[in-house]
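Peer 1: Next comes work-v3.csv, CSV, C-alpha atoms:
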chain,number,residue,atom,x,y,z
A,1438,MET,CA,123.7,113.9,92.0
A,1439,LYS,CA,120.8,116.2,91.8
A,1440,VAL,CA,117.7,116.4,94.0
A,1441,SER,CA,115.1,119.1,93.4
A,1442,VAL,CA,111.7,119.8,94.8
A,1443,GLN,CA,110.0,122.3,92.5
A,1444,ARG,CA,106.8,123.7,91.1
A,1445,GLU,CA,108.1,123.9,87.5
A,1446,ASP,CA,108.0,121.2,84.9
A,1447,PHE,CA,111.2,119.3,84.0
A,1448,ASP,CA,112.8,118.4,80.7
A,1449,ILE,CA,113.8,114.7,80.8
A,1450,SER,CA,116.1,114.8,77.8
A,1451,LEU,CA,117.9,117.9,79.2
A,1452,GLU,CA,118.3,116.2,82.6
A,1453,THR,CA,119.6,112.9,81.2
A,1454,SER,CA,121.8,114.6,78.6
A,1455,LEU,CA,124.1,115.8,81.4
A,1456,PHE,CA,124.9,112.2,82.3
A,1457,TYR,CA,126.7,111.5,79.0
A,1458,LYS,CA,129.5,113.9,79.8
A,1459,ASP,CA,131.0,111.1,81.9
A,1460,LYS,CA,132.6,108.6,79.4
A,1461,SER,CA,131.9,105.6,81.7
A,1462,VAL,CA,128.2,106.1,81.4
A,1463,GLY,CA,126.7,103.3,79.2
A,1464,ALA,CA,123.2,103.0,80.6
A,1465,VAL,CA,120.6,105.5,81.7
A,1466,ALA,CA,117.3,104.3,83.3
A,1467,SER,CA,114.6,106.8,84.0
A,1468,PHE,CA,111.1,106.8,85.4
A,1469,VAL,CA,108.5,109.5,85.2
A,1470,GLY,CA,105.3,109.4,87.3
A,1471,ALA,CA,102.4,111.4,85.9
A,1472,VAL,CA,99.0,112.7,87.1
A,1473,ARG,CA,96.3,110.3,85.9
A,1474,GLU,CA,92.5,110.5,85.8
A,1475,VAL,CA,92.0,113.6,88.1
A,1476,PRO,CA,94.0,116.8,88.9
A,1477,MET,CA,95.7,117.0,92.2
A,1478,THR,CA,97.7,119.2,94.5
A,1479,LEU,CA,100.9,118.1,96.1
A,1480,GLU,CA,102.0,119.3,99.6
A,1481,HIS,CA,105.4,118.6,101.1
A,1482,TYR,CA,107.5,119.1,104.2
A,1483,PRO,CA,110.1,121.7,103.2
A,1484,GLY,CA,113.5,120.8,104.4
A,1485,MET,CA,112.7,117.2,105.3
A,1486,THR,CA,111.7,116.4,101.8
A,1487,GLU,CA,115.1,117.4,100.3
A,1488,LYS,CA,116.9,115.5,103.2
A,1489,ALA,CA,114.8,112.4,102.7
A,1490,LEU,CA,115.4,112.4,98.9
A,1491,GLY,CA,119.1,113.0,99.4
A,1492,LYS,CA,119.3,110.1,101.8
A,1493,ILE,CA,117.4,107.7,99.5
A,1494,THR,CA,119.6,108.7,96.5
A,1495,ARG,CA,122.8,108.3,98.5
A,1496,GLU,CA,121.7,104.8,99.6
A,1497,ALA,CA,121.0,103.8,96.0
A,1498,MET,CA,124.5,105.1,95.0
A,1499,SER,CA,126.0,103.0,97.8
A,1500,ARG,CA,124.1,99.8,96.9
A,1501,TRP,CA,124.6,99.8,93.1
A,1502,GLN,CA,127.3,101.0,90.7
A,1503,VAL,CA,125.7,104.3,90.0
A,1504,ILE,CA,127.7,107.1,88.3
A,1505,ASP,CA,125.1,109.8,88.7
A,1506,CYS,CA,121.5,110.3,89.4
A,1507,THR,CA,118.8,113.0,89.3
A,1508,VAL,CA,115.6,113.1,91.3
A,1509,ILE,CA,113.0,115.8,90.6
A,1510,HIS,CA,109.7,116.0,92.4
A,1511,ARG,CA,107.0,118.6,91.7
A,1512,ILE,CA,104.7,120.3,94.2
A,1513,GLY,CA,101.7,122.5,94.0
A,1514,ALA,CA,98.7,122.2,91.6
A,1515,LEU,CA,99.1,119.7,88.8
A,1516,LYS,CA,96.7,118.7,86.0
A,1517,VAL,CA,96.0,115.4,84.3
A,1518,GLY,CA,99.0,114.4,82.2
A,1519,ASP,CA,101.4,116.6,84.1
A,1520,PRO,CA,104.7,114.8,85.1
A,1521,ILE,CA,105.1,114.6,88.9
A,1522,VAL,CA,108.4,112.9,89.5
A,1523,LEU,CA,111.5,112.1,87.6
A,1524,VAL,CA,114.1,109.5,88.7
A,1525,ALA,CA,117.0,109.1,86.3
A,1526,VAL,CA,120.0,106.9,87.0
A,1527,ALA,CA,123.3,106.7,85.0
A,1528,SER,CA,125.5,103.6,85.3
A,1529,SER,CA,127.9,101.7,83.1
A,1530,HIS,CA,125.4,98.8,82.7
A,1531,ARG,CA,121.7,98.5,82.7
A,1532,GLY,CA,121.3,96.1,85.7
A,1533,ASP,CA,122.5,98.7,88.2
A,1534,ALA,CA,120.7,101.5,86.5
A,1535,PHE,CA,117.3,99.7,86.5
A,1536,ALA,CA,117.7,98.4,90.0
A,1537,ALA,CA,118.7,101.8,91.5
A,1538,CYS,CA,116.0,103.6,89.6
A,1539,GLU,CA,113.3,101.3,90.9
A,1540,PHE,CA,114.7,101.3,94.5
A,1541,ILE,CA,114.7,105.1,94.6
A,1542,MET,CA,111.0,105.2,93.4
A,1543,ASP,CA,109.9,102.5,95.9
A,1544,TYR,CA,111.6,104.3,98.8
A,1545,LEU,CA,110.5,107.7,97.7
A,1546,LYS,CA,106.9,106.5,97.8
A,1547,THR,CA,107.1,105.4,101.4
A,1548,ARG,CA,109.7,107.7,102.9
A,1549,ALA,CA,109.6,111.1,101.3
A,1550,PRO,CA,107.1,113.5,102.9
A,1551,PHE,CA,104.7,114.4,100.1
A,1552,TRP,CA,100.9,114.2,100.2
A,1553,LYS,CA,98.5,114.2,97.3
A,1554,LYS,CA,95.1,115.8,97.5
A,1555,GLU,CA,92.4,115.4,94.9
A,1556,ALA,CA,89.0,117.1,94.7
A,1557,ALA,CA,87.6,114.1,96.5
A,1558,GLY,CA,90.0,114.4,99.4
A,1559,TRP,CA,93.5,113.3,100.5
A,1560,VAL,CA,94.9,110.3,98.7
A,1561,GLU,CA,95.4,107.4,101.0
A,1562,ALA,CA,98.6,105.5,101.2
A,1563,ARG,CA,98.6,102.0,99.7
A,1564,ALA,CA,99.8,98.9,101.4
A,1565,THR,CA,101.3,97.8,98.0
A,1566,ASP,CA,103.7,100.7,98.2
A,1567,ASP,CA,104.9,99.5,101.6
A,1568,ALA,CA,105.3,96.0,100.2
A,1569,ALA,CA,107.3,97.3,97.2
A,1570,ALA,CA,109.7,99.1,99.5
A,1571,ALA,CA,110.0,96.1,101.8
A,1572,ARG,CA,111.4,94.1,98.9
A,1573,TRP,CA,114.6,96.0,99.1
A,1574,LYS,CA,115.4,95.2,102.8
A,1575,LYS,CA,119.1,94.6,102.9
A,1576,THR,CA,120.2,91.1,102.6
A,1577,ALA,CA,123.0,90.0,100.3
A,1578,ARG,CA,120.8,87.4,98.6
A,1579,SER,CA,117.8,89.7,97.9
A,1580,ALA,CA,120.1,92.4,96.6
A,1581,ARG,CA,121.6,90.0,94.1
A,1582,GLY,CA,118.1,88.7,93.1
A,1583,HIS,CA,116.8,92.2,92.5
A,1584,ARG,CA,119.8,93.0,90.4
A,1585,ARG,CA,119.2,89.9,88.3
A,1586,ARG,CA,115.5,90.6,87.9
A,1587,ALA,CA,116.2,94.2,87.2
A,1588,ALA,CA,118.6,93.3,84.4
A,1589,ARG,CA,115.9,91.1,82.8
A,1590,ARG,CA,113.3,93.8,82.9
A,1591,SER,CA,113.2,96.0,79.9
A,1592,THR,CA,110.8,98.8,80.9
A,1593,ALA,CA,110.1,100.5,84.2
A,1594,ARG,CA,106.7,100.0,85.8
A,1595,SER,CA,104.3,102.9,85.9
A,1596,THR,CA,102.8,104.0,89.2
B,1211,MET,CA,110.4,122.5,127.8
B,1212,LYS,CA,109.3,123.9,124.5
B,1213,VAL,CA,109.1,122.0,121.2
B,1214,LYS,CA,108.0,123.1,117.8
B,1215,VAL,CA,105.2,120.9,116.5
B,1216,LEU,CA,104.3,120.8,112.8
B,1217,PHE,CA,101.2,119.3,111.1
B,1218,PHE,CA,100.8,118.3,107.5
B,1219,ALA,CA,98.1,117.4,105.0
B,1220,SER,CA,94.8,116.2,106.6
B,1221,LEU,CA,96.1,116.9,110.1
B,1222,ARG,CA,96.9,120.5,109.3
B,1223,GLU,CA,93.5,120.9,107.7
B,1224,GLN,CA,91.6,119.5,110.7
B,1225,LEU,CA,93.5,121.5,113.2
B,1226,GLY,CA,93.4,124.7,111.1
B,1227,LYS,CA,97.1,125.3,111.7
B,1228,SER,CA,100.4,124.0,110.4
B,1229,MET,CA,102.6,124.9,113.4
B,1230,GLU,CA,102.6,125.6,117.1
B,1231,GLU,CA,105.1,126.0,119.9
B,1232,VAL,CA,104.1,123.6,122.7
B,1233,ASP,CA,105.3,123.9,126.3
B,1234,VAL,CA,105.4,120.3,127.5
B,1235,PRO,CA,105.9,119.0,131.0
B,1236,LYS,CA,109.3,117.4,131.6
B,1237,ASN,CA,107.9,113.9,131.8
B,1238,VAL,CA,106.9,114.2,128.1
B,1239,ALA,CA,110.0,112.7,126.7
B,1240,THR,CA,108.9,110.7,123.7
B,1241,VAL,CA,106.9,111.2,120.5
B,1242,ALA,CA,104.2,108.9,121.9
B,1243,ALA,CA,104.0,111.0,125.2
B,1244,LEU,CA,103.8,114.2,123.2
B,1245,ARG,CA,100.9,112.7,121.2
B,1246,ASP,CA,99.1,111.8,124.4
B,1247,HIS,CA,99.8,115.3,125.8
B,1248,LEU,CA,98.3,116.9,122.7
B,1249,ARG,CA,95.3,114.6,122.9
B,1250,SER,CA,94.5,116.0,126.3
B,1251,ARG,CA,94.2,119.5,124.8
B,1252,GLY,CA,90.9,119.0,123.1
B,1253,ALA,CA,88.5,117.2,120.8
B,1254,VAL,CA,90.3,118.0,117.5
B,1255,TYR,CA,93.6,116.6,118.8
B,1256,GLN,CA,91.7,113.5,120.1
B,1257,LYS,CA,90.2,113.1,116.6
B,1258,ILE,CA,93.5,113.3,114.7
B,1259,PHE,CA,95.3,111.1,117.1
B,1260,SER,CA,92.4,108.6,117.4
B,1261,GLY,CA,93.2,105.0,116.8
B,1262,LYS,CA,91.5,105.1,113.4
B,1263,ASN,CA,94.0,107.5,111.9
B,1264,LEU,CA,97.5,106.3,110.9
B,1265,VAL,CA,99.8,109.1,112.0
B,1266,ARG,CA,103.5,109.2,111.2
B,1267,ALA,CA,106.0,111.3,113.0
B,1268,ALA,CA,109.4,112.9,112.3
B,1269,VAL,CA,111.8,114.5,114.8
B,1270,ASN,CA,114.1,117.1,113.4
B,1271,GLN,CA,113.1,116.1,109.9
B,1272,GLU,CA,113.9,112.4,110.3
B,1273,MET,CA,111.1,109.8,110.2
B,1274,VAL,CA,110.8,108.1,113.6
B,1275,GLN,CA,108.8,105.5,115.6
B,1276,ALA,CA,106.5,106.6,118.4
B,1277,GLY,CA,109.1,105.6,121.0
B,1278,ALA,CA,111.7,108.1,119.8
B,1279,THR,CA,112.9,110.6,122.4
B,1280,ILE,CA,112.3,114.4,122.2
B,1281,LYS,CA,114.1,117.2,123.9
B,1282,ALA,CA,113.8,121.0,124.2
B,1283,GLY,CA,114.0,122.8,121.0
B,1284,ASP,CA,113.2,119.8,118.8
B,1285,GLU,CA,111.0,120.1,115.7
B,1286,VAL,CA,108.4,117.3,115.8
B,1287,ALA,CA,106.1,116.8,112.9
B,1288,PHE,CA,102.9,114.7,112.6
B,1289,PHE,CA,101.5,113.6,109.3
B,1290,PRO,CA,99.5,110.9,107.5
B,1291,PRO,CA,101.4,108.1,105.6
B,1292,VAL,CA,103.1,109.7,102.7
B,1293,THR,CA,101.7,109.6,99.1
B,1294,GLY,CA,104.2,111.2,96.8
B,1295,GLY,CA,105.7,109.8,93.6
Since I need it in another form, could you write the structure as structure tokens?
Peer 2:
Amino acid sequence: MKVSVQREDFDISLETSLFYKDKSVGAVASFVGAVREVPMTLEHYPGMTEKALGKITREAMSRWQVIDCTVIHRIGALKVGDPIVLVAVASSHRGDAFAACEFIMDYLKTRAPFWKKEAAGWVEARATDDAAAARWKKTARSARGHRRRAARRSTARST
Amino acid sequence: MKVKVLFFASLREQLGKSMEEVDVPKNVATVAALRDHLRSRGAVYQKIFSGKNLVRAAVNQEMVQAGATIKAGDEVAFFPPVTGG
């Protein structure tokens, strides 16, 4: 498991290539969020950010059959087209990889202390992000449902 | 008792500072009480903690609700709803 908050860019193929050293890995799902339309600056809460990302990642690993995962989130000034966040999950099968990857992103968006600022001002939080995170509230039925839906999904949503 | 109070994003900008040590009376025992105590210190605090602004809080780097208790030496942070990802 790797969690990193950094200014530097990341290399998705390098990050995910590390997963395949484990012979039981048969599925890798990854999500990249990128800056669109206008440049932005990302502020965070040093210390809490790493803790929150670690907690979210560990929860994903306890809910699904996850072999390894990597979460990288950038901070500082970013321009249009720059990658902001990488969530990559390795599992034996795609259902768990997709579900865990989406779960981590949904929780990250509502629980990890990052704030985006554009030239026009601070970006406001969206209710749709709260709703997305609320879908994962723990009940045995909903967890199974998410896993089934995730298995049917072939591509990750973009932010 | 003394607590360390941190402010982030729009709150930090409006206050013009990211951190301060606050000596609070003993009866200030929750995040909500600390918020009210800060509000009594001036117009800028009243503005950032006005009903119009959604303000989230963390105690010792864990996100909490307003009713969470605080004690001497705690690190309490106030910030707008998060917008990462």
Peer 1: Using only C-alpha atoms, find each residue in chain B having at least one atom no more than 12 Å away from chain A; report its shortest atom-to-atom pair and that distance in Å (one decimal), rows by chain then rising number, as a Markdown table.
Peer 2:
| residue | atom | partner | partner_atom | distance |
| --- | --- | --- | --- | --- |
| B:Leu1216 | CA | A:Tyr1482 | CA | 9.3 |
| B:Phe1217 | CA | A:Tyr1482 | CA | 9.3 |
| B:Phe1218 | CA | A:Tyr1482 | CA | 7.5 |
| B:Ala1219 | CA | A:Trp1552 | CA | 6.4 |
| B:Ser1220 | CA | A:Trp1559 | CA | 6.9 |
| B:Leu1221 | CA | A:Trp1559 | CA | 10.6 |
| B:Arg1222 | CA | A:Glu1480 | CA | 11.0 |
| B:Glu1223 | CA | A:Trp1559 | CA | 10.5 |
| B:Ser1228 | CA | A:Tyr1482 | CA | 10.6 |
| B:Met1229 | CA | A:Tyr1482 | CA | 11.9 |
| B:Asn1263 | CA | A:Glu1561 | CA | 11.0 |
| B:Leu1264 | CA | A:Ala1562 | CA | 9.8 |
| B:Val1265 | CA | A:Ala1562 | CA | 11.4 |
| B:Arg1266 | CA | A:Pro1550 | CA | 10.0 |
| B:Ala1267 | CA | A:Pro1550 | CA | 10.4 |
| B:Ala1268 | CA | A:Met1485 | CA | 8.9 |
| B:Val1269 | CA | A:Met1485 | CA | 9.9 |
| B:Asn1270 | CA | A:Met1485 | CA | 8.2 |
| B:Gln1271 | CA | A:Met1485 | CA | 4.7 |
| B:Glu1272 | CA | A:Met1485 | CA | 7.0 |
| B:Met1273 | CA | A:Arg1548 | CA | 7.7 |
| B:Val1274 | CA | A:Arg1548 | CA | 10.8 |
| B:Glu1285 | CA | A:Met1485 | CA | 10.9 |
| B:Val1286 | CA | A:Met1485 | CA | 11.3 |
| B:Ala1287 | CA | A:Tyr1482 | CA | 9.1 |
| B:Phe1288 | CA | A:Tyr1482 | CA | 10.5 |
| B:Phe1289 | CA | A:Pro1550 | CA | 8.5 |
| B:Pro1290 | CA | A:Trp1552 | CA | 8.1 |
| B:Pro1291 | CA | A:Ala1562 | CA | 5.8 |
| B:Val1292 | CA | A:Pro1550 | CA | 5.5 |
| B:Thr1293 | CA | A:Trp1552 | CA | 4.8 |
| B:Gly1294 | CA | A:Phe1551 | CA | 4.6 |
| B:Gly1295 | CA | A:Lys1546 | CA | 5.5 |
Peer 1: So what do you get for CA of Lys1281 (chain B) versus CA of Val1213 (chain B), distance-wise?
Peer 2: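 About the pair CA of Lys1281 (chain B) and CA of Val1213 (chain B): they are 7.4 Å apart.
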Peer 1: Quick one: pull the distance between CA of Ser1528 (chain A) and CA of Ala1569 (chain A), Å, one decimal.
Peer 2: 22.6 Å
Peer 1: I'd like to know which of A:Asp1567, A:Glu1555, A:Asp1533, A:Glu1452 is closest to Met1438 (chain A), using all atoms listed in the file.
Peer 2: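 Counting all atoms listed in the file, the residue closest to Met1438 (chain A) is A:Glu1452.
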Peer 1: Can you measure CA of Ser1260 (chain B) to CA of Gly1226 (chain B) for me? One decimal in Å is fine.
Peer 2: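 Calculated distance between CA of Ser1260 (chain B) and CA of Gly1226 (chain B) is 17.3 Å.
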Peer 1: So which one's closest to Gln1502 (chain A), A:Ile1449, A:Ser1529, A:Leu1515, A:Asp1459? Using all atoms listed in the file, please.
Peer 2: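 Closest to Gln1502 (chain A) of all the choices is A:Ser1529.
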Peer 1: For Met1477 (chain A), which of A:Val1517, A:Val1462, A:Ala1570, A:Ala1527 is the closest residue, counting all atoms listed in the file?
Peer 2: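 Between A:Val1517, A:Val1462, A:Ala1570, A:Ala1527, the residue approaching Met1477 (chain A) most closely is A:Val1517.
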Peer 1: From the set B:Phe1259, B:Asn1237, B:Ala1242, B:Leu1248, which residue has the shortest atom-to-atom contact distance to Val1215 (chain B), counting only C-alpha atoms?
Peer 2: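 Among the listed residues, B:Leu1248 lies closest to Val1215 (chain B).
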Peer 1: Which one of A:Asp1519, A:His1530, A:Glu1539, A:Val1475 sits closest to Asp1446 (chain A) if you count all atoms listed in the file?
Peer 2: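 Between A:Asp1519, A:His1530, A:Glu1539, A:Val1475, the residue approaching Asp1446 (chain A) most closely is A:Asp1519.
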